Amino acid sequence: MANKKIILEKNQGHALIAESIVLNGKKVYIESYGCQMNMNDSEIVASILSKEGYNTTMKMEEADLVLVNTCSIREKAEQTVRKRLEKYNSIKKINPKMKIGVLGCMAERLKEKFLEEEQMVDMVVGPDAYRDLPNLIVEIEDGREAVNVLLSKEETYADIAPVRLNSNGVSAFVSITRGCDNMCTFCVVPKTRGRERSRDPKSIFKEIKNLKDRNFKEITLLGQNVDSYLWFGGGLKKDFNKASKEAQKNAVDFALLLDKCAKTFPDMRIRFSTSNPQDMNLNVIRTMSKHTNICKYIHLPIQSGSTSVLKRMNRKHTRKEYIELINNIRNILPECAISHDMIAGFCGETEAEHEETLSLMEYVKYNFGFMFAYSDRPETPANKNMEDDIPIEIKKRRLTEIIQLQQKHGLYRMQQFIGKEVEVLIEGNSKKSDAHWKGRNSQNAMVIFPKSENEKVGNFVMVEVTNCTSATLIGKRVG
Ligand code: SAH
Ligand code: F3S
């Protein structure tokens, strides 16, 4: 099923952007691991480098500079990056001029330690320091090591138009917030990406307008916690109360931003990710119901179905409050798809608490899910204050139970589309056959259907769903 494939991609961190860039005759290759935000950050990095005269190619072997944009969310994600660093270093032996730079969350987490411990990298650059890349590259070209891991209160890269890497020319990510203030006890993100800041709506609209002019048809507004978006002139969200009365009065929250996006770009599909249940409110759900071009899909991670586990995780809501939110979504947006993130085997999780996760899933019957075994991350509040006491076999068994239940629900949700007509945005050829198109419906389900005349990538078409697998809807064009 579609979500299973996505889980694999998330777990194995092989959602890659591999590009190399030619600068003044020099070539740079970028590889990205982790979340959508990282993919978008690599596009920002490519843009910063292109202003310095860089162009892209795809051959790592001939690169003078290899950049790897890294993820720290689970131990496995870091292991994957370490393996890649070994690979780059084996190539460096053949091409000794080649320099290696580490970007993103692992760079921020390990800082100078990367240079000391690994002896494998020349440059370490945190997520808020990409504007400094041209200077840092000069340093390493002169034979010095370079590190910039300063986190910022202001940086949103608002004025930088990302260079779209590996793009299908149809859908693009647009970052609206950076960092996170939530301090979930298991999570390394607040440490690696700093405090939450929102991006100026004007720059968001400018970027979407530019995408529209280049024929893009769908955008995904991105942030660790998009529903917490709040623009009041810039700076950290936690300083909102210190802003002037005027700035507070004119503030733009997520529901308003979404409403303006949908009105300003009526021909584009709008998606967003990720929603934290504590910040998702009725205004957002009502705004979604007002506009047909806002996709009816909400990624609403809960992590556990047990209120006591949620408390230990420092998630700011209970199981009951989450169920109320789900009920509100079902009432106002009956056709809306919902997905989750779930962690199996968090510190102290009892069998009864795990059962509560399964029963919550049974209640919601999620369309998709991203599921993980708890991974203890250095210097998180859970790492400092709690014991990672669930044996790995039990974590794995609970994870398997969660995945199997999700597969059942995913198939059930796919089957509900059979016999219905859905609007599909054509994204490209189906993987298996050039005679078929692939594209997604509003609910984010992948749809495959035979090509007919007068259609092309980027068209919206109506498809009648005739069959499904757990991963894909299969249909035929109507109208
Ligand atoms: N704010 C983002 C969270 C990004 S992390 C969001 O709400 O989606 C993405 C997911 O990784 C989290 O939702 C969580 O399920 C998982 N995750 C984070 N830290 C983890 C850890 N230490 N062990 C296992 N999974 C973790
Ligand atoms: Fe992490 Fe929780 Fe923020 S999962 S990214 S601290 S909402």
# chains A, B, ... in the order shown; residues from 1 in each chain; ligands from 1
>>> residues_near_ligand(ligand="ligand 2", cutoff="9 Å", atoms="only C-alpha atoms and all ligand atoms", output="NGL selection string")
:A and (73 or 179-191 or 193 or 223-225 or 274-276 or 301 or 303 or 313-315)
>>> residues_around(residues="stretch 464-473 of chain A", least_positions_apart="2", cutoff="6 Å", atoms="only C-alpha atoms", output="PyMOL selection string")
chain A and resi 1-2+411+418-421+446-447+475-476
>>> residues_around(residues="A:Val81", least_positions_apart="6", cutoff="10 Å", atoms="only C-alpha atoms", output="list in words")
Gly13, Glu31, Ser32, Tyr33, Val68, Asn69, Thr70, Cys71, Ser72, Lys87, Val102 and Met106 of chain A
>>> select_by_dssp(residues="stretch 214-433 of chain A", states="helix (DSSP H, G or I)", output="PyMOL selection string")
chain A and resi 226-228+237-242+245-249+254-264+282-290+307-312+319-332+351-364+381-385+392-415
>>> atom_distance(atom1="atom CA of A:Glu108", atom2="atom CA of A:Gly126")
4.7 Å
>>> atom_distance(atom1="atom CA of A:Gly194", atom2="atom CA of A:Val284")
25.4 Å
>>> closest_residue(among="A:Lys76, A:Arg269, A:Lys153, A:Arg319", to="ligand 1", atoms="only C-alpha atoms and all ligand atoms")
A:Lys76
>>> residues_around(residues="stretch 389-405 of chain A", least_positions_apart="4", cutoff="6 Å", atoms="only C-alpha atoms", output="list in words")
Ala344, Gly345, Cys347 and Ala373 of chain A
>>> residues_around(residues="A:Ala251", least_positions_apart="2", cutoff="8 Å", atoms="only C-alpha atoms", output="MDAnalysis selection string")
chainID A and resid 230:233 247:249 253
>>> write_last_selection(atoms="C-alpha atoms", output="mmCIF file, in the first residue's frame")
data_model
loop_
_atom_site.group_PDB
_atom_site.id
_atom_site.type_symbol
_atom_site.label_atom_id
_atom_site.label_comp_id
_atom_site.auth_asym_id
_atom_site.auth_seq_id
_atom_site.Cartn_x
_atom_site.Cartn_y
_atom_site.Cartn_z
ATOM 1 C CA LEU A 230 1.804 33.367 13.096
ATOM 2 C CA TRP A 231 3.170 36.376 11.233
ATOM 3 C CA PHE A 232 3.379 39.626 13.202
ATOM 4 C CA GLY A 233 6.376 41.238 11.543
ATOM 5 C CA ALA A 247 1.407 44.286 14.889
ATOM 6 C CA GLN A 248 -0.675 41.966 17.064
ATOM 7 C CA LYS A 249 -3.924 43.301 15.551
ATOM 8 C CA ASP A 253 -2.486 33.069 11.558
#
>>> atom_distance(atom1="atom CA of A:Ile30", atom2="atom CA of A:Leu110")
19.8 Å
>>> closest_residue(among="A:Glu78, A:Asp434, A:Asp122, A:Glu453", to="ligand 1", atoms="only C-alpha atoms and all ligand atoms")
A:Glu78
>>> select_by_dssp(residues="stretch 173-402 of chain A", states="strand (DSSP E)", output="VMD selection string")
chain A and resid 173 to 175 177 to 178 197 to 198 218 to 222 230 to 231 252 to 253 269 to 273 297 to 299 337 to 344 368 to 373
>>> write_last_selection(atoms="C-alpha atoms", output="PDB file, in the first residue's frame")
ATOM      1  CA  PHE A 173       7.062  22.622  -1.384  1.00  0.00           C
ATOM      2  CA  VAL A 174       6.835  26.103   0.100  1.00  0.00           C
ATOM      3  CA  SER A 175       8.245  26.547   3.618  1.00  0.00           C
ATOM      4  CA  THR A 177       7.718  28.157   9.313  1.00  0.00           C
ATOM      5  CA  ARG A 178      11.111  27.023  10.606  1.00  0.00           C
ATOM      6  CA  ARG A 197       9.691  31.463  13.327  1.00  0.00           C
ATOM      7  CA  SER A 198       7.102  32.251  10.664  1.00  0.00           C
ATOM      8  CA  GLU A 218       0.045  22.194  -6.543  1.00  0.00           C
ATOM      9  CA  ILE A 219       1.897  23.531  -3.531  1.00  0.00           C
ATOM     10  CA  THR A 220       2.457  22.056  -0.077  1.00  0.00           C
ATOM     11  CA  LEU A 221       2.885  24.599   2.716  1.00  0.00           C
ATOM     12  CA  LEU A 222       5.578  23.173   4.966  1.00  0.00           C
ATOM     13  CA  LEU A 230       1.804  33.367  13.096  1.00  0.00           C
ATOM     14  CA  TRP A 231       3.170  36.376  11.233  1.00  0.00           C
ATOM     15  CA  VAL A 252      -1.809  36.538  10.142  1.00  0.00           C
ATOM     16  CA  ASP A 253      -2.486  33.069  11.558  1.00  0.00           C
ATOM     17  CA  ARG A 269      -4.189  22.869  -5.282  1.00  0.00           C
ATOM     18  CA  ILE A 270      -3.080  23.734  -1.762  1.00  0.00           C
ATOM     19  CA  ARG A 271      -1.760  21.118   0.663  1.00  0.00           C
ATOM     20  CA  PHE A 272      -0.057  21.556   4.024  1.00  0.00           C
ATOM     21  CA  SER A 273       2.019  19.510   6.427  1.00  0.00           C
ATOM     22  CA  TYR A 297      -6.123  15.567   3.579  1.00  0.00           C
ATOM     23  CA  ILE A 298      -4.698  16.199   7.057  1.00  0.00           C
ATOM     24  CA  HIS A 299      -1.523  14.664   8.426  1.00  0.00           C
ATOM     25  CA  ALA A 337      -8.395  11.703   4.582  1.00  0.00           C
ATOM     26  CA  ILE A 338      -6.393  11.599   7.815  1.00  0.00           C
ATOM     27  CA  SER A 339      -2.943  10.147   8.468  1.00  0.00           C
ATOM     28  CA  HIS A 340      -0.815   9.695  11.574  1.00  0.00           C
ATOM     29  CA  ASP A 341       2.681   9.271  12.954  1.00  0.00           C
ATOM     30  CA  MET A 342       2.942   6.680  15.726  1.00  0.00           C
ATOM     31  CA  ILE A 343       5.806   5.700  18.019  1.00  0.00           C
ATOM     32  CA  ALA A 344       5.910   2.153  19.435  1.00  0.00           C
ATOM     33  CA  PHE A 368      -2.147   6.395   5.860  1.00  0.00           C
ATOM     34  CA  GLY A 369       0.394   6.101   8.639  1.00  0.00           C
ATOM     35  CA  PHE A 370       4.084   6.614   9.388  1.00  0.00           C
ATOM     36  CA  MET A 371       5.130   4.283  12.171  1.00  0.00           C
ATOM     37  CA  PHE A 372       8.363   3.996  14.115  1.00  0.00           C
ATOM     38  CA  ALA A 373       9.977   2.151  17.005  1.00  0.00           C
TER      39      ALA A 373
END
>>> closest_residue(among="A:Leu211, A:Leu65, A:Ile329, A:Ala77", to="ligand 1", atoms="only C-alpha atoms and all ligand atoms")
A:Ala77
>>> residues_around(residues="A:Leu85", least_positions_apart="6", cutoff="10 Å", atoms="only C-alpha atoms", output="PyMOL selection string")
chain A and resi 66+68+79+91+100-102+118+120-121
>>> write_last_selection(atoms="all heavy atoms", output="mmCIF file, in the first residue's frame")
data_model
loop_
_atom_site.group_PDB
_atom_site.id
_atom_site.type_symbol
_atom_site.label_atom_id
_atom_site.label_comp_id
_atom_site.auth_asym_id
_atom_site.auth_seq_id
_atom_site.Cartn_x
_atom_site.Cartn_y
_atom_site.Cartn_z
ATOM 1 N N VAL A 66 31.028 17.553 -2.312
ATOM 2 C CA VAL A 66 29.820 16.754 -2.064
ATOM 3 C C VAL A 66 29.146 17.310 -0.814
ATOM 4 O O VAL A 66 29.787 17.477 0.219
ATOM 5 C CB VAL A 66 30.182 15.265 -1.850
ATOM 6 C CG1 VAL A 66 28.990 14.487 -1.323
ATOM 7 C CG2 VAL A 66 30.680 14.641 -3.141
ATOM 8 N N VAL A 68 25.970 16.706 1.870
ATOM 9 C CA VAL A 68 24.920 15.785 2.305
ATOM 10 C C VAL A 68 24.062 16.486 3.350
ATOM 11 O O VAL A 68 24.559 16.973 4.360
ATOM 12 C CB VAL A 68 25.500 14.431 2.798
ATOM 13 C CG1 VAL A 68 26.487 14.599 3.930
ATOM 14 C CG2 VAL A 68 24.392 13.475 3.214
ATOM 15 N N GLN A 79 22.796 6.637 11.022
ATOM 16 C CA GLN A 79 23.649 5.539 10.524
ATOM 17 C C GLN A 79 23.714 5.560 9.000
ATOM 18 O O GLN A 79 24.784 5.355 8.414
ATOM 19 C CB GLN A 79 23.097 4.180 10.979
ATOM 20 C CG GLN A 79 23.415 3.861 12.421
ATOM 21 C CD GLN A 79 22.561 2.710 12.950
ATOM 22 O OE1 GLN A 79 21.705 2.175 12.244
ATOM 23 N NE2 GLN A 79 22.782 2.342 14.194
ATOM 24 N N ILE A 91 35.430 7.557 -2.568
ATOM 25 C CA ILE A 91 35.581 8.268 -3.850
ATOM 26 C C ILE A 91 36.666 9.341 -3.725
ATOM 27 O O ILE A 91 37.446 9.577 -4.642
ATOM 28 C CB ILE A 91 34.225 8.856 -4.288
ATOM 29 C CG1 ILE A 91 33.309 7.704 -4.678
ATOM 30 C CG2 ILE A 91 34.385 9.829 -5.448
ATOM 31 C CD1 ILE A 91 31.896 8.065 -4.928
ATOM 32 N N ILE A 100 34.120 17.521 1.306
ATOM 33 C CA ILE A 100 32.832 16.982 1.761
ATOM 34 C C ILE A 100 32.232 17.915 2.806
ATOM 35 O O ILE A 100 32.903 18.290 3.771
ATOM 36 C CB ILE A 100 33.014 15.565 2.355
ATOM 37 C CG1 ILE A 100 33.591 14.625 1.275
ATOM 38 C CG2 ILE A 100 31.705 15.021 2.886
ATOM 39 C CD1 ILE A 100 34.005 13.268 1.796
ATOM 40 N N GLY A 101 30.975 18.288 2.610
ATOM 41 C CA GLY A 101 30.281 19.160 3.567
ATOM 42 C C GLY A 101 29.035 18.481 4.113
ATOM 43 O O GLY A 101 28.284 17.855 3.364
ATOM 44 N N VAL A 102 28.826 18.591 5.433
ATOM 45 C CA VAL A 102 27.621 18.043 6.057
ATOM 46 C C VAL A 102 26.685 19.189 6.397
ATOM 47 O O VAL A 102 27.085 20.159 7.053
ATOM 48 C CB VAL A 102 27.972 17.262 7.342
ATOM 49 C CG1 VAL A 102 26.717 16.751 8.016
ATOM 50 C CG2 VAL A 102 28.890 16.108 7.022
ATOM 51 N N GLU A 118 34.999 12.244 13.114
ATOM 52 C CA GLU A 118 34.844 11.506 11.882
ATOM 53 C C GLU A 118 36.076 11.581 10.983
ATOM 54 O O GLU A 118 36.383 10.648 10.265
ATOM 55 C CB GLU A 118 33.621 12.021 11.105
ATOM 56 C CG GLU A 118 32.343 11.996 11.913
ATOM 57 C CD GLU A 118 31.848 10.583 12.158
ATOM 58 O OE1 GLU A 118 32.160 9.716 11.334
ATOM 59 O OE2 GLU A 118 31.181 10.356 13.184
ATOM 60 N N MET A 120 36.161 12.858 8.439
ATOM 61 C CA MET A 120 35.672 12.515 7.114
ATOM 62 C C MET A 120 35.090 13.719 6.389
ATOM 63 O O MET A 120 34.734 13.622 5.239
ATOM 64 C CB MET A 120 34.575 11.452 7.213
ATOM 65 C CG MET A 120 35.115 10.106 7.628
ATOM 66 S SD MET A 120 34.096 8.744 7.072
ATOM 67 C CE MET A 120 32.648 8.911 8.067
ATOM 68 N N VAL A 121 34.946 14.827 7.102
ATOM 69 C CA VAL A 121 34.292 15.966 6.466
ATOM 70 C C VAL A 121 35.149 17.230 6.598
ATOM 71 O O VAL A 121 35.941 17.367 7.525
ATOM 72 C CB VAL A 121 32.890 16.227 7.054
ATOM 73 C CG1 VAL A 121 32.009 15.009 6.918
ATOM 74 C CG2 VAL A 121 32.951 16.641 8.497
#
>>> residues_around(residues="A:Ser359", least_positions_apart="2", cutoff="12 Å", atoms="only C-alpha atoms", output="tab-separated table (two decimals) with N, CA, C and O atoms, in the first residue's frame")
chain	number	residue	atom	x	y	z
A	304	SER	N	0.87	8.38	20.14
A	304	SER	CA	0.38	7.30	21.01
A	304	SER	C	-1.11	7.56	21.27
A	304	SER	O	-1.54	8.70	21.32
A	305	GLY	N	-1.86	6.47	21.48
A	305	GLY	CA	-3.29	6.62	21.78
A	305	GLY	C	-3.56	6.71	23.27
A	305	GLY	O	-4.72	6.74	23.69
A	306	SER	N	-2.52	6.77	24.06
A	306	SER	CA	-2.68	6.74	25.51
A	306	SER	C	-2.38	8.11	26.12
A	306	SER	O	-1.30	8.67	25.91
A	319	ARG	N	-6.01	11.98	24.78
A	319	ARG	CA	-6.67	11.12	23.79
A	319	ARG	C	-8.07	11.66	23.49
A	319	ARG	O	-8.50	11.73	22.35
A	323	ILE	N	-9.72	12.84	19.95
A	323	ILE	CA	-10.92	12.23	19.37
A	323	ILE	C	-11.95	13.31	19.04
A	323	ILE	O	-12.60	13.26	17.99
A	352	ALA	N	-1.00	-2.19	28.28
A	352	ALA	CA	-2.32	-1.55	28.25
A	352	ALA	C	-2.25	-0.23	27.47
A	352	ALA	O	-3.17	0.11	26.71
A	353	GLU	N	-1.15	0.52	27.64
A	353	GLU	CA	-1.01	1.79	26.90
A	353	GLU	C	-0.87	1.50	25.39
A	353	GLU	O	-1.44	2.22	24.55
A	354	HIS	N	-0.14	0.45	25.05
A	354	HIS	CA	-0.03	0.07	23.63
A	354	HIS	C	-1.41	-0.30	23.07
A	354	HIS	O	-1.77	0.10	21.95
A	355	GLU	N	-2.20	-1.03	23.86
A	355	GLU	CA	-3.56	-1.40	23.41
A	355	GLU	C	-4.39	-0.15	23.14
A	355	GLU	O	-5.23	-0.13	22.24
A	356	GLU	N	-4.15	0.91	23.91
A	356	GLU	CA	-4.89	2.16	23.68
A	356	GLU	C	-4.54	2.77	22.31
A	356	GLU	O	-5.37	3.40	21.66
A	357	THR	N	-3.28	2.59	21.89
A	357	THR	CA	-2.90	3.05	20.56
A	357	THR	C	-3.69	2.29	19.51
A	357	THR	O	-4.26	2.87	18.58
A	361	MET	N	-6.53	3.73	16.84
A	361	MET	CA	-6.43	3.49	15.39
A	361	MET	C	-7.72	2.85	14.87
A	361	MET	O	-8.21	3.19	13.80
A	362	GLU	N	-8.25	1.91	15.65
A	362	GLU	CA	-9.51	1.26	15.27
A	362	GLU	C	-10.62	2.30	15.16
A	362	GLU	O	-11.45	2.24	14.25
A	363	TYR	N	-10.63	3.29	16.04
A	363	TYR	CA	-11.66	4.33	16.01
A	363	TYR	C	-11.52	5.23	14.78
A	363	TYR	O	-12.48	5.50	14.08
A	364	VAL	N	-10.28	5.66	14.51
A	364	VAL	CA	-10.08	6.65	13.43
A	364	VAL	C	-10.05	5.97	12.06
A	364	VAL	O	-10.51	6.52	11.08
A	365	LYS	N	-9.48	4.76	11.99
A	365	LYS	CA	-9.26	4.08	10.70
A	365	LYS	C	-8.55	5.01	9.72
A	365	LYS	O	-9.08	5.46	8.71
A	366	TYR	N	-7.31	5.31	10.05
A	366	TYR	CA	-6.51	6.26	9.26
A	366	TYR	C	-6.31	5.78	7.83
A	366	TYR	O	-6.15	4.58	7.58
A	401	GLU	N	2.41	-4.83	15.10
A	401	GLU	CA	0.95	-4.83	15.31
A	401	GLU	C	0.33	-3.53	14.78
A	401	GLU	O	-0.72	-3.53	14.15
A	402	ILE	N	1.03	-2.42	15.03
A	402	ILE	CA	0.53	-1.11	14.57
A	402	ILE	C	0.53	-1.07	13.03
A	402	ILE	O	-0.44	-0.65	12.40
A	405	LEU	N	-2.24	-3.28	11.51
A	405	LEU	CA	-3.56	-2.67	11.66
A	405	LEU	C	-3.71	-1.52	10.65
A	405	LEU	O	-4.76	-1.36	10.00
A	406	GLN	N	-2.65	-0.75	10.48
A	406	GLN	CA	-2.69	0.36	9.53
A	406	GLN	C	-2.90	-0.16	8.11
A	406	GLN	O	-3.63	0.44	7.32
